[in-house]
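File shown: start_10.tsv (TSV, N, CA and C atoms and all ligand atoms).
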chain	number	residue	atom	x	y	z
N	6	MET	N	151.14	68.23	139.40
N	6	MET	CA	149.71	68.17	139.10
N	6	MET	C	149.14	69.57	138.97
N	7	LYS	N	148.88	69.95	137.72
N	7	LYS	CA	148.39	71.30	137.48
N	7	LYS	C	146.87	71.27	137.34
N	8	GLU	N	146.20	72.23	137.98
N	8	GLU	CA	144.75	72.28	137.87
N	8	GLU	C	144.35	72.64	136.44
N	9	ARG	N	143.28	72.04	136.00
N	9	ARG	CA	142.80	72.31	134.65
N	9	ARG	C	142.39	73.78	134.52
N	10	GLN	N	142.71	74.35	133.37
N	10	GLN	CA	142.47	75.79	133.19
N	10	GLN	C	141.28	76.12	132.28
N	11	HIS	N	140.92	75.16	131.42
N	11	HIS	CA	139.80	75.40	130.50
N	11	HIS	C	139.03	74.11	130.27
N	12	LEU	N	137.74	74.27	130.00
N	12	LEU	CA	136.92	73.14	129.56
N	12	LEU	C	136.01	73.66	128.45
N	13	VAL	N	135.79	72.85	127.44
N	13	VAL	CA	134.87	73.21	126.36
N	13	VAL	C	133.54	72.50	126.62
N	14	ILE	N	132.49	73.30	126.74
N	14	ILE	CA	131.16	72.75	127.00
N	14	ILE	C	130.20	73.30	125.95
N	15	GLN	N	129.59	72.41	125.19
N	15	GLN	CA	128.68	72.80	124.10
N	15	GLN	C	129.35	73.82	123.17
N	16	GLY	N	130.63	73.58	122.90
N	16	GLY	CA	131.32	74.43	121.93
N	16	GLY	C	131.84	75.75	122.48
N	17	LYS	N	131.60	76.01	123.77
N	17	LYS	CA	132.11	77.25	124.37
N	17	LYS	C	133.25	76.92	125.31
N	18	THR	N	134.31	77.70	125.25
N	18	THR	CA	135.46	77.47	126.11
N	18	THR	C	135.29	78.25	127.41
N	19	TYR	N	135.26	77.52	128.51
N	19	TYR	CA	135.12	78.13	129.83
N	19	TYR	C	136.46	78.17	130.54
N	20	GLU	N	136.74	79.31	131.15
N	20	GLU	CA	137.94	79.43	131.97
N	20	GLU	C	137.62	78.84	133.35
N	21	LEU	N	138.52	78.04	133.88
N	21	LEU	CA	138.34	77.50	135.22
N	21	LEU	C	139.19	78.32	136.19
N	22	ALA	N	138.56	78.78	137.25
N	22	ALA	CA	139.29	79.52	138.28
N	22	ALA	C	139.26	78.70	139.56
N	23	TRP	N	140.40	78.58	140.20
N	23	TRP	CA	140.51	77.76	141.42
N	23	TRP	C	140.76	78.68	142.60
N	24	VAL	N	139.86	78.63	143.56
N	24	VAL	CA	139.97	79.52	144.72
N	24	VAL	C	140.00	78.70	146.01
N	25	ASP	N	140.42	79.35	147.10
N	25	ASP	CA	140.55	78.62	148.37
N	25	ASP	C	139.20	78.35	149.03
N	26	HIS	N	138.23	79.24	148.80
N	26	HIS	CA	136.95	79.04	149.47
N	26	HIS	C	135.78	79.64	148.66
N	27	ILE	N	134.69	78.88	148.60
N	27	ILE	CA	133.45	79.37	148.00
N	27	ILE	C	132.37	79.23	149.06
N	28	ASP	N	131.60	80.27	149.26
N	28	ASP	CA	130.51	80.21	150.23
N	28	ASP	C	129.40	79.30	149.71
N	29	GLY	N	129.02	78.32	150.52
N	29	GLY	CA	127.84	77.53	150.22
N	29	GLY	C	127.95	76.56	149.07
N	30	GLY	N	129.14	76.08	148.75
N	30	GLY	CA	129.26	75.07	147.70
N	30	GLY	C	130.70	74.82	147.33
N	31	LEU	N	130.89	73.93	146.37
N	31	LEU	CA	132.25	73.61	145.92
N	31	LEU	C	132.53	74.18	144.55
N	32	GLY	N	131.46	74.66	143.89
N	32	GLY	CA	131.65	75.21	142.55
N	32	GLY	C	130.59	76.26	142.24
N	33	GLU	N	130.91	77.06	141.23
N	33	GLU	CA	130.02	78.14	140.82
N	33	GLU	C	130.26	78.38	139.35
N	34	LYS	N	129.20	78.69	138.60
N	34	LYS	CA	129.42	78.97	137.18
N	34	LYS	C	128.88	80.34	136.83
N	35	ASN	N	129.53	80.94	135.85
N	35	ASN	CA	129.03	82.19	135.30
N	35	ASN	C	128.97	82.04	133.79
N	36	HIS	N	127.76	81.78	133.31
N	36	HIS	CA	127.54	81.50	131.90
N	36	HIS	C	128.00	82.66	131.02
N	37	ASP	N	127.66	83.88	131.43
N	37	ASP	CA	127.99	85.05	130.60
N	37	ASP	C	129.49	85.32	130.54
N	38	MET	N	130.17	85.08	131.67
N	38	MET	CA	131.61	85.33	131.72
N	38	MET	C	132.42	84.12	131.21
N	39	LEU	N	131.71	83.03	130.86
N	39	LEU	CA	132.38	81.79	130.43
N	39	LEU	C	133.43	81.37	131.46
N	40	ARG	N	132.98	81.32	132.71
N	40	ARG	CA	133.89	81.08	133.80
N	40	ARG	C	133.27	80.10	134.79
N	41	ILE	N	134.05	79.15	135.26
N	41	ILE	CA	133.59	78.25	136.31
N	41	ILE	C	134.60	78.32	137.44
N	42	ILE	N	134.10	78.48	138.65
N	42	ILE	CA	134.98	78.62	139.81
N	42	ILE	C	134.87	77.38	140.68
N	43	PHE	N	136.02	76.85	141.08
N	43	PHE	CA	136.05	75.66	141.94
N	43	PHE	C	136.87	75.93	143.19
N	44	GLU	N	136.49	75.20	144.25
N	44	GLU	CA	137.27	75.27	145.48
N	44	GLU	C	138.39	74.23	145.38
N	45	ARG	N	139.62	74.67	145.59
N	45	ARG	CA	140.74	73.73	145.51
N	45	ARG	C	140.90	73.00	146.84
N	46	GLY	N	141.67	71.90	146.79
N	46	GLY	CA	141.99	71.19	148.02
N	46	GLY	C	140.93	70.22	148.50
N	47	ARG	N	139.91	69.98	147.68
N	47	ARG	CA	138.89	68.98	148.03
N	47	ARG	C	139.31	67.64	147.43
N	48	PRO	N	138.75	66.53	147.93
N	48	PRO	CA	139.08	65.24	147.33
N	48	PRO	C	138.74	65.25	145.84
N	49	ALA	N	139.58	64.58	145.04
N	49	ALA	CA	139.40	64.58	143.58
N	49	ALA	C	137.99	64.12	143.18
N	50	GLU	N	137.49	63.08	143.85
N	50	GLU	CA	136.16	62.54	143.49
N	50	GLU	C	135.08	63.61	143.66
N	51	ARG	N	135.20	64.37	144.73
N	51	ARG	CA	134.22	65.43	145.03
N	51	ARG	C	134.30	66.53	143.98
N	52	THR	N	135.53	66.90	143.64
N	52	THR	CA	135.72	67.99	142.67
N	52	THR	C	135.27	67.56	141.28
N	53	ILE	N	135.54	66.31	140.91
N	53	ILE	CA	135.09	65.80	139.61
N	53	ILE	C	133.56	65.81	139.55
N	54	ALA	N	132.91	65.38	140.62
N	54	ALA	CA	131.44	65.40	140.65
N	54	ALA	C	130.94	66.83	140.51
N	55	THR	N	131.67	67.78	141.11
N	55	THR	CA	131.28	69.18	141.02
N	55	THR	C	131.44	69.70	139.59
N	56	VAL	N	132.50	69.27	138.91
N	56	VAL	CA	132.68	69.65	137.50
N	56	VAL	C	131.49	69.13	136.68
N	57	LEU	N	131.12	67.87	136.89
N	57	LEU	CA	129.96	67.31	136.17
N	57	LEU	C	128.72	68.13	136.47
N	58	HIS	N	128.54	68.50	137.73
N	58	HIS	CA	127.38	69.28	138.16
N	58	HIS	C	127.31	70.63	137.41
N	59	GLU	N	128.42	71.35	137.43
N	59	GLU	CA	128.43	72.67	136.78
N	59	GLU	C	128.28	72.52	135.26
N	60	ALA	N	128.89	71.47	134.70
N	60	ALA	CA	128.75	71.24	133.25
N	60	ALA	C	127.29	70.95	132.90
N	61	LEU	N	126.61	70.16	133.75
N	61	LEU	CA	125.20	69.87	133.50
N	61	LEU	C	124.37	71.15	133.53
N	62	HIS	N	124.67	72.06	134.48
N	62	HIS	CA	123.97	73.35	134.51
N	62	HIS	C	124.17	74.10	133.19
N	63	LEU	N	125.41	74.14	132.73
N	63	LEU	CA	125.71	74.92	131.53
N	63	LEU	C	125.09	74.27	130.29
N	64	ILE	N	125.09	72.94	130.23
N	64	ILE	CA	124.45	72.24	129.11
N	64	ILE	C	122.94	72.50	129.16
N	65	SER	N	122.38	72.46	130.36
N	65	SER	CA	120.95	72.75	130.53
N	65	SER	C	120.61	74.16	130.05
N	66	ASP	N	121.46	75.13	130.41
N	66	ASP	CA	121.25	76.52	129.97
N	66	ASP	C	121.36	76.61	128.45
N	67	GLU	N	122.42	76.02	127.95
N	67	GLU	CA	122.73	76.13	126.51
N	67	GLU	C	121.63	75.50	125.66
N	68	LEU	N	121.10	74.37	126.12
N	68	LEU	CA	120.06	73.66	125.35
N	68	LEU	C	118.65	74.03	125.80
N	69	VAL	N	118.57	75.04	126.68
N	69	VAL	CA	117.29	75.53	127.20
N	69	VAL	C	116.44	74.38	127.74
N	70	LEU	N	117.08	73.55	128.57
N	70	LEU	CA	116.37	72.41	129.16
N	70	LEU	C	115.64	72.80	130.44
N	71	ALA	N	116.09	73.89	131.06
N	71	ALA	CA	115.48	74.38	132.30
N	71	ALA	C	115.43	73.31	133.39
N	72	LEU	N	116.53	72.54	133.53
N	72	LEU	CA	116.59	71.53	134.60
N	72	LEU	C	116.73	72.22	135.95
N	73	ASP	N	115.99	71.75	136.94
N	73	ASP	CA	116.10	72.38	138.26
N	73	ASP	C	117.26	71.75	139.05
N	74	GLU	N	117.57	72.35	140.21
N	74	GLU	CA	118.72	71.93	141.00
N	74	GLU	C	118.64	70.46	141.39
N	75	ASP	N	117.46	70.02	141.78
N	75	ASP	CA	117.29	68.64	142.20
N	75	ASP	C	117.59	67.68	141.05
N	76	THR	N	117.11	68.01	139.87
N	76	THR	CA	117.36	67.17	138.69
N	76	THR	C	118.84	67.15	138.35
N	77	ILE	N	119.49	68.32	138.43
N	77	ILE	CA	120.93	68.40	138.17
N	77	ILE	C	121.68	67.52	139.18
N	78	ASN	N	121.31	67.58	140.45
N	78	ASN	CA	121.96	66.76	141.47
N	78	ASN	C	121.82	65.27	141.17
N	79	ARG	N	120.64	64.86	140.74
N	79	ARG	CA	120.42	63.44	140.43
N	79	ARG	C	121.21	63.01	139.20
N	80	LEU	N	121.23	63.88	138.19
N	80	LEU	CA	121.99	63.56	136.98
N	80	LEU	C	123.48	63.50	137.28
N	81	GLU	N	123.95	64.42	138.12
N	81	GLU	CA	125.37	64.43	138.52
N	81	GLU	C	125.73	63.07	139.11
N	82	SER	N	124.94	62.62	140.06
N	82	SER	CA	125.20	61.37	140.74
N	82	SER	C	125.12	60.19	139.78
N	83	GLY	N	124.10	60.15	138.92
N	83	GLY	CA	123.94	59.05	137.98
N	83	GLY	C	125.06	58.99	136.96
N	84	LEU	N	125.44	60.16	136.46
N	84	LEU	CA	126.50	60.23	135.46
N	84	LEU	C	127.84	59.84	136.09
N	85	TYR	N	128.09	60.36	137.31
N	85	TYR	CA	129.36	60.05	137.99
N	85	TYR	C	129.47	58.53	138.21
N	86	CYS	N	128.41	57.90	138.69
N	86	CYS	CA	128.43	56.46	138.93
N	86	CYS	C	128.65	55.69	137.64
N	87	PHE	N	127.92	56.06	136.59
N	87	PHE	CA	128.06	55.37	135.31
N	87	PHE	C	129.49	55.44	134.80
N	88	LEU	N	130.06	56.64	134.80
N	88	LEU	CA	131.41	56.80	134.25
N	88	LEU	C	132.46	56.11	135.11
N	89	SER	N	132.36	56.26	136.44
N	89	SER	CA	133.38	55.64	137.29
N	89	SER	C	133.26	54.12	137.27
N	90	GLU	N	132.05	53.60	137.27
N	90	GLU	CA	131.88	52.15	137.23
N	90	GLU	C	132.25	51.57	135.86
N	91	SER	N	132.32	52.42	134.85
N	91	SER	CA	132.74	51.97	133.52
N	91	SER	C	134.24	52.11	133.33
N	92	GLY	N	134.92	52.57	134.37
N	92	GLY	CA	136.38	52.68	134.30
N	92	GLY	C	136.88	53.89	133.54
N	93	VAL	N	136.03	54.90	133.35
N	93	VAL	CA	136.46	56.10	132.64
N	93	VAL	C	137.33	56.95	133.57
N	94	ASP	N	138.48	57.37	133.07
N	94	ASP	CA	139.37	58.23	133.84
N	94	ASP	C	138.86	59.67	133.75
N	95	MET	N	138.33	60.16	134.86
N	95	MET	CA	137.77	61.51	134.86
N	95	MET	C	138.73	62.57	135.40
N	96	LEU	N	139.92	62.14	135.79
N	96	LEU	CA	140.89	63.10	136.33
N	96	LEU	C	141.20	64.26	135.36
N	97	PRO	N	141.25	64.01	134.04
N	97	PRO	CA	141.50	65.13	133.13
N	97	PRO	C	140.45	66.24	133.21
N	98	LEU	N	139.31	65.96	133.83
N	98	LEU	CA	138.32	67.04	134.02
N	98	LEU	C	138.84	68.10	134.99
N	99	ILE	N	139.73	67.70	135.89
N	99	ILE	CA	140.21	68.66	136.90
N	99	ILE	C	141.72	68.92	136.84
N	100	ARG	N	142.41	68.12	136.02
N	100	ARG	CA	143.86	68.32	135.89
N	100	ARG	C	144.21	68.51	134.43
N	101	GLU	N	145.21	69.30	134.19
N	101	GLU	CA	145.66	69.51	132.82
N	101	GLU	C	146.04	68.17	132.22
N	102	PRO	N	145.48	67.83	131.06
N	102	PRO	CA	145.84	66.56	130.42
N	102	PRO	C	147.35	66.50	130.21
N	103	GLY	N	147.93	65.35	130.53
N	103	GLY	CA	149.36	65.16	130.34
N	103	GLY	C	150.19	65.59	131.52
N	104	GLU	N	149.55	66.20	132.54
N	104	GLU	CA	150.32	66.64	133.72
N	104	GLU	C	150.40	65.51	134.75
C	1	ZN	ZN	123.76	73.42	141.09
Show this structure as structure tokens.
Ligand SMILES: [Zn+2]
Amino acid sequence: MKERQHLVIQGKTYELAWVDHIDGGLGEKNHDMLRIIFERGRPAERTIATVLHEALHLISDELVLALDEDTINRLESGLYCFLSESGVDMLPLIREPGE
């Protein structure tokens, strides 16, 4: 099981970096560096929700939506529930497809 290395969000390819510890969260994004950092070793469901969260931030930035943290948190939860209850396999968000 190899951790995913890249994700394309709004046409931009982001490098995913996996680290052992992040202060104060499970993920972090750097729009200018096209980089998203995740904490490894967390339950897959938690990490997938974090990927959705960071992607929503980047989509919000890219589309100049100016969504605040609370709105992003609510969208993360709503989107995660919708996709998982619809049977969508979200593992490829955190693992290399085909691994
Ligand atoms: Zn956030």
Kindly indicate which residue among N:Met6, N:Leu12, N:Leu72, N:Leu84 lies nearest to Arg100 of chain N, using all atoms listed in the file for the distances. N:Met6
Pull the closest atom pair for each residue of chain N that gets at most 6.5 Å from ligand ZN 1 (chain C), along with the distance in Å to one decimal, counting only N, CA and C atoms and all ligand atoms, ordering rows by chain and then ascending residue number, as a Markdown table.
| residue | atom | partner | partner_atom | distance |
| --- | --- | --- | --- | --- |
| N:His58 | C | C:ZN1 | ZN | 5.8 |
| N:Glu59 | N | C:ZN1 | ZN | 6.3 |
| N:Glu74 | CA | C:ZN1 | ZN | 5.3 |
| N:Ile77 | CA | C:ZN1 | ZN | 6.5 |
| N:Asn78 | N | C:ZN1 | ZN | 6.4 |
Best match for closeness to Val56 of chain N among N:Leu70, N:Leu80, N:Ile99, N:Ile14, counting only C-alpha atoms: N:Ile99
What parts of chain N does DSSP call strand (DSSP E)? I'd like the answer as a count of residues only. 21
Please, which residues of segment 15-83 of chain N, numbered as in this document, come out helix (DSSP H, G or I) from DSSP, as a VMD selection string? chain N and resid 49 to 67 74 to 83
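Ranking N:Leu31, N:Ala71, N:Asp66, N:Asp37 by their shortest atom-to-atom distance to Arg51 of chain N, with only N, CA and C atoms included, puts N:Leu31 first.
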Can you tell me how far atom N of Asp73 of chain N sits from atom C of Lys34 of chain N, in Å to one decimal? 15.5 Å
Contacts of Gly32 of chain N within 6 Å, all atoms listed in the file, excl. fewer than 3 positions in-chain, as an mmCIF file with N, CA and C atoms, in the coordinates of the input:
data_model
loop_
_atom_site.group_PDB
_atom_site.id
_atom_site.type_symbol
_atom_site.label_atom_id
_atom_site.label_comp_id
_atom_site.auth_asym_id
_atom_site.auth_seq_id
_atom_site.Cartn_x
_atom_site.Cartn_y
_atom_site.Cartn_z
ATOM 1 N N ILE N 42 134.100 78.480 138.650
ATOM 2 C CA ILE N 42 134.980 78.620 139.810
ATOM 3 C C ILE N 42 134.870 77.380 140.680
ATOM 4 N N PHE N 43 136.020 76.850 141.080
ATOM 5 C CA PHE N 43 136.050 75.660 141.940
ATOM 6 C C PHE N 43 136.870 75.930 143.190
ATOM 7 N N GLU N 44 136.490 75.200 144.250
ATOM 8 C CA GLU N 44 137.270 75.270 145.480
ATOM 9 C C GLU N 44 138.390 74.230 145.380
#
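If you look at atom CA of Leu61 of chain N and atom CA of Glu81 of chain N, they are 7.4 Å away from each other.
Between atom CA of Leu57 of chain N and atom N of Asp94 of chain N there is a distance of 13.5 Å.
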Env of His11 of chain N: 5 Å cut, atoms = all atoms listed in the file, seq-sep filter 5 positions within chain, self excluded. Answer as a PDB file with N, CA and C atoms, in the frame of the given file.
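Just written: part-v7.pdb:
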ATOM      1  N   TYR N  19     135.260  77.520 128.510  1.00  0.00           N
ATOM      2  CA  TYR N  19     135.120  78.130 129.830  1.00  0.00           C
ATOM      3  C   TYR N  19     136.460  78.170 130.540  1.00  0.00           C
ATOM      4  N   GLU N  20     136.740  79.310 131.150  1.00  0.00           N
ATOM      5  CA  GLU N  20     137.940  79.430 131.970  1.00  0.00           C
ATOM      6  C   GLU N  20     137.620  78.840 133.350  1.00  0.00           C
ATOM      7  N   LEU N  21     138.520  78.040 133.880  1.00  0.00           N
ATOM      8  CA  LEU N  21     138.340  77.500 135.220  1.00  0.00           C
ATOM      9  C   LEU N  21     139.190  78.320 136.190  1.00  0.00           C
TER      10      LEU N  21
END
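Protein, DNA and RNA residues at most 12 Å from (136.5, 59.3, 134.8), with only C-alpha atoms, are these: N:Ala49, N:Glu50, N:Thr52, N:Ile53, N:Ala54, N:Val56, N:Leu57, N:Leu84, N:Tyr85, N:Cys86, N:Phe87, N:Leu88, N:Ser89, N:Glu90, N:Ser91, N:Gly92, N:Val93, N:Asp94, N:Met95, N:Leu96, N:Pro97, N:Leu98, N:Ile99, N:Arg100.
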Please write a file for segment 30-67 of chain N, taken from the block I just shared, that holds N, CA and C atoms and is laid out as a JSON list (two decimals), in the first residue's frame.
[["chain", "number", "residue", "atom", "x", "y", "z"],
["N", 30, "GLY", "N", -3.13, 19.49, 13.75],
["N", 30, "GLY", "CA", -4.03, 19.04, 12.69],
["N", 30, "GLY", "C", -3.53, 17.79, 12.03],
["N", 31, "LEU", "N", -4.28, 17.32, 11.04],
["N", 31, "LEU", "CA", -3.88, 16.11, 10.32],
["N", 31, "LEU", "C", -3.39, 16.43, 8.92],
["N", 32, "GLY", "N", -3.62, 17.68, 8.51],
["N", 32, "GLY", "CA", -3.21, 18.06, 7.16],
["N", 32, "GLY", "C", -2.90, 19.55, 7.08],
["N", 33, "GLU", "N", -2.17, 19.90, 6.04],
["N", 33, "GLU", "CA", -1.77, 21.28, 5.82],
["N", 33, "GLU", "C", -1.59, 21.48, 4.33],
["N", 34, "LYS", "N", -1.97, 22.65, 3.82],
["N", 34, "LYS", "CA", -1.77, 22.87, 2.39],
["N", 34, "LYS", "C", -0.93, 24.12, 2.17],
["N", 35, "ASN", "N", -0.19, 24.08, 1.08],
["N", 35, "ASN", "CA", 0.54, 25.26, 0.66],
["N", 35, "ASN", "C", 0.23, 25.49, -0.81],
["N", 36, "HIS", "N", -0.68, 26.44, -1.03],
["N", 36, "HIS", "CA", -1.18, 26.72, -2.37],
["N", 36, "HIS", "C", -0.05, 27.12, -3.32],
["N", 37, "ASP", "N", 0.84, 27.98, -2.84],
["N", 37, "ASP", "CA", 1.92, 28.48, -3.71],
["N", 37, "ASP", "C", 2.92, 27.40, -4.07],
["N", 38, "MET", "N", 3.20, 26.52, -3.12],
["N", 38, "MET", "CA", 4.17, 25.45, -3.36],
["N", 38, "MET", "C", 3.52, 24.23, -4.04],
["N", 39, "LEU", "N", 2.19, 24.29, -4.24],
["N", 39, "LEU", "CA", 1.46, 23.15, -4.81],
["N", 39, "LEU", "C", 1.76, 21.87, -4.02],
["N", 40, "ARG", "N", 1.62, 22.00, -2.70],
["N", 40, "ARG", "CA", 2.01, 20.91, -1.83],
["N", 40, "ARG", "C", 0.95, 20.73, -0.74],
["N", 41, "ILE", "N", 0.62, 19.49, -0.44],
["N", 41, "ILE", "CA", -0.28, 19.20, 0.68],
["N", 41, "ILE", "C", 0.44, 18.20, 1.56],
["N", 42, "ILE", "N", 0.43, 18.48, 2.86],
["N", 42, "ILE", "CA", 1.15, 17.63, 3.81],
["N", 42, "ILE", "C", 0.13, 16.90, 4.67],
["N", 43, "PHE", "N", 0.33, 15.60, 4.83],
["N", 43, "PHE", "CA", -0.57, 14.78, 5.66],
["N", 43, "PHE", "C", 0.22, 14.03, 6.71],
["N", 44, "GLU", "N", -0.48, 13.76, 7.82],
["N", 44, "GLU", "CA", 0.11, 12.94, 8.86],
["N", 44, "GLU", "C", -0.18, 11.48, 8.53],
["N", 45, "ARG", "N", 0.85, 10.66, 8.48],
["N", 45, "ARG", "CA", 0.64, 9.24, 8.17],
["N", 45, "ARG", "C", 0.25, 8.48, 9.43],
["N", 46, "GLY", "N", -0.28, 7.27, 9.22],
["N", 46, "GLY", "CA", -0.57, 6.40, 10.35],
["N", 46, "GLY", "C", -1.90, 6.67, 11.03],
["N", 47, "ARG", "N", -2.72, 7.53, 10.43],
["N", 47, "ARG", "CA", -4.06, 7.77, 10.98],
["N", 47, "ARG", "C", -5.04, 6.81, 10.30],
["N", 48, "PRO", "N", -6.22, 6.59, 10.90],
["N", 48, "PRO", "CA", -7.20, 5.73, 10.23],
["N", 48, "PRO", "C", -7.53, 6.28, 8.85],
["N", 49, "ALA", "N", -7.73, 5.37, 7.88],
["N", 49, "ALA", "CA", -7.98, 5.78, 6.49],
["N", 49, "ALA", "C", -9.15, 6.76, 6.39],
["N", 50, "GLU", "N", -10.23, 6.50, 7.15],
["N", 50, "GLU", "CA", -11.42, 7.37, 7.06],
["N", 50, "GLU", "C", -11.07, 8.80, 7.46],
["N", 51, "ARG", "N", -10.25, 8.93, 8.49],
["N", 51, "ARG", "CA", -9.84, 10.25, 8.99],
["N", 51, "ARG", "C", -8.98, 10.96, 7.95],
["N", 52, "THR", "N", -8.06, 10.20, 7.36],
["N", 52, "THR", "CA", -7.14, 10.80, 6.39],
["N", 52, "THR", "C", -7.89, 11.19, 5.12],
["N", 53, "ILE", "N", -8.84, 10.36, 4.69],
["N", 53, "ILE", "CA", -9.64, 10.69, 3.51],
["N", 53, "ILE", "C", -10.44, 11.97, 3.76],
["N", 54, "ALA", "N", -11.04, 12.08, 4.94],
["N", 54, "ALA", "CA", -11.79, 13.30, 5.28],
["N", 54, "ALA", "C", -10.86, 14.51, 5.26],
["N", 55, "THR", "N", -9.62, 14.31, 5.70],
["N", 55, "THR", "CA", -8.64, 15.40, 5.70],
["N", 55, "THR", "C", -8.27, 15.80, 4.27],
["N", 56, "VAL", "N", -8.15, 14.82, 3.38],
["N", 56, "VAL", "CA", -7.89, 15.12, 1.97],
["N", 56, "VAL", "C", -9.03, 15.97, 1.40],
["N", 57, "LEU", "N", -10.27, 15.56, 1.69],
["N", 57, "LEU", "CA", -11.43, 16.34, 1.21],
["N", 57, "LEU", "C", -11.36, 17.76, 1.77],
["N", 58, "HIS", "N", -11.01, 17.88, 3.04],
["N", 58, "HIS", "CA", -10.91, 19.18, 3.70],
["N", 58, "HIS", "C", -9.90, 20.10, 3.00],
["N", 59, "GLU", "N", -8.70, 19.56, 2.79],
["N", 59, "GLU", "CA", -7.65, 20.38, 2.16],
["N", 59, "GLU", "C", -8.01, 20.69, 0.71],
["N", 60, "ALA", "N", -8.63, 19.73, 0.02],
["N", 60, "ALA", "CA", -9.06, 19.98, -1.36],
["N", 60, "ALA", "C", -10.11, 21.09, -1.41],
["N", 61, "LEU", "N", -11.04, 21.07, -0.45],
["N", 61, "LEU", "CA", -12.05, 22.12, -0.40],
["N", 61, "LEU", "C", -11.40, 23.49, -0.19],
["N", 62, "HIS", "N", -10.39, 23.56, 0.69],
["N", 62, "HIS", "CA", -9.66, 24.82, 0.87],
["N", 62, "HIS", "C", -9.06, 25.30, -0.45],
["N", 63, "LEU", "N", -8.43, 24.38, -1.17],
["N", 63, "LEU", "CA", -7.74, 24.76, -2.40],
["N", 63, "LEU", "C", -8.74, 25.15, -3.49],
["N", 64, "ILE", "N", -9.87, 24.44, -3.55],
["N", 64, "ILE", "CA", -10.92, 24.80, -4.52],
["N", 64, "ILE", "C", -11.48, 26.17, -4.16],
["N", 65, "SER", "N", -11.69, 26.40, -2.87],
["N", 65, "SER", "CA", -12.18, 27.70, -2.40],
["N", 65, "SER", "C", -11.21, 28.82, -2.80],
["N", 66, "ASP", "N", -9.91, 28.58, -2.61],
["N", 66, "ASP", "CA", -8.90, 29.58, -2.99],
["N", 66, "ASP", "C", -8.93, 29.81, -4.50],
["N", 67, "GLU", "N", -8.92, 28.70, -5.22],
["N", 67, "GLU", "CA", -8.81, 28.76, -6.68],
["N", 67, "GLU", "C", -10.01, 29.48, -7.29]]
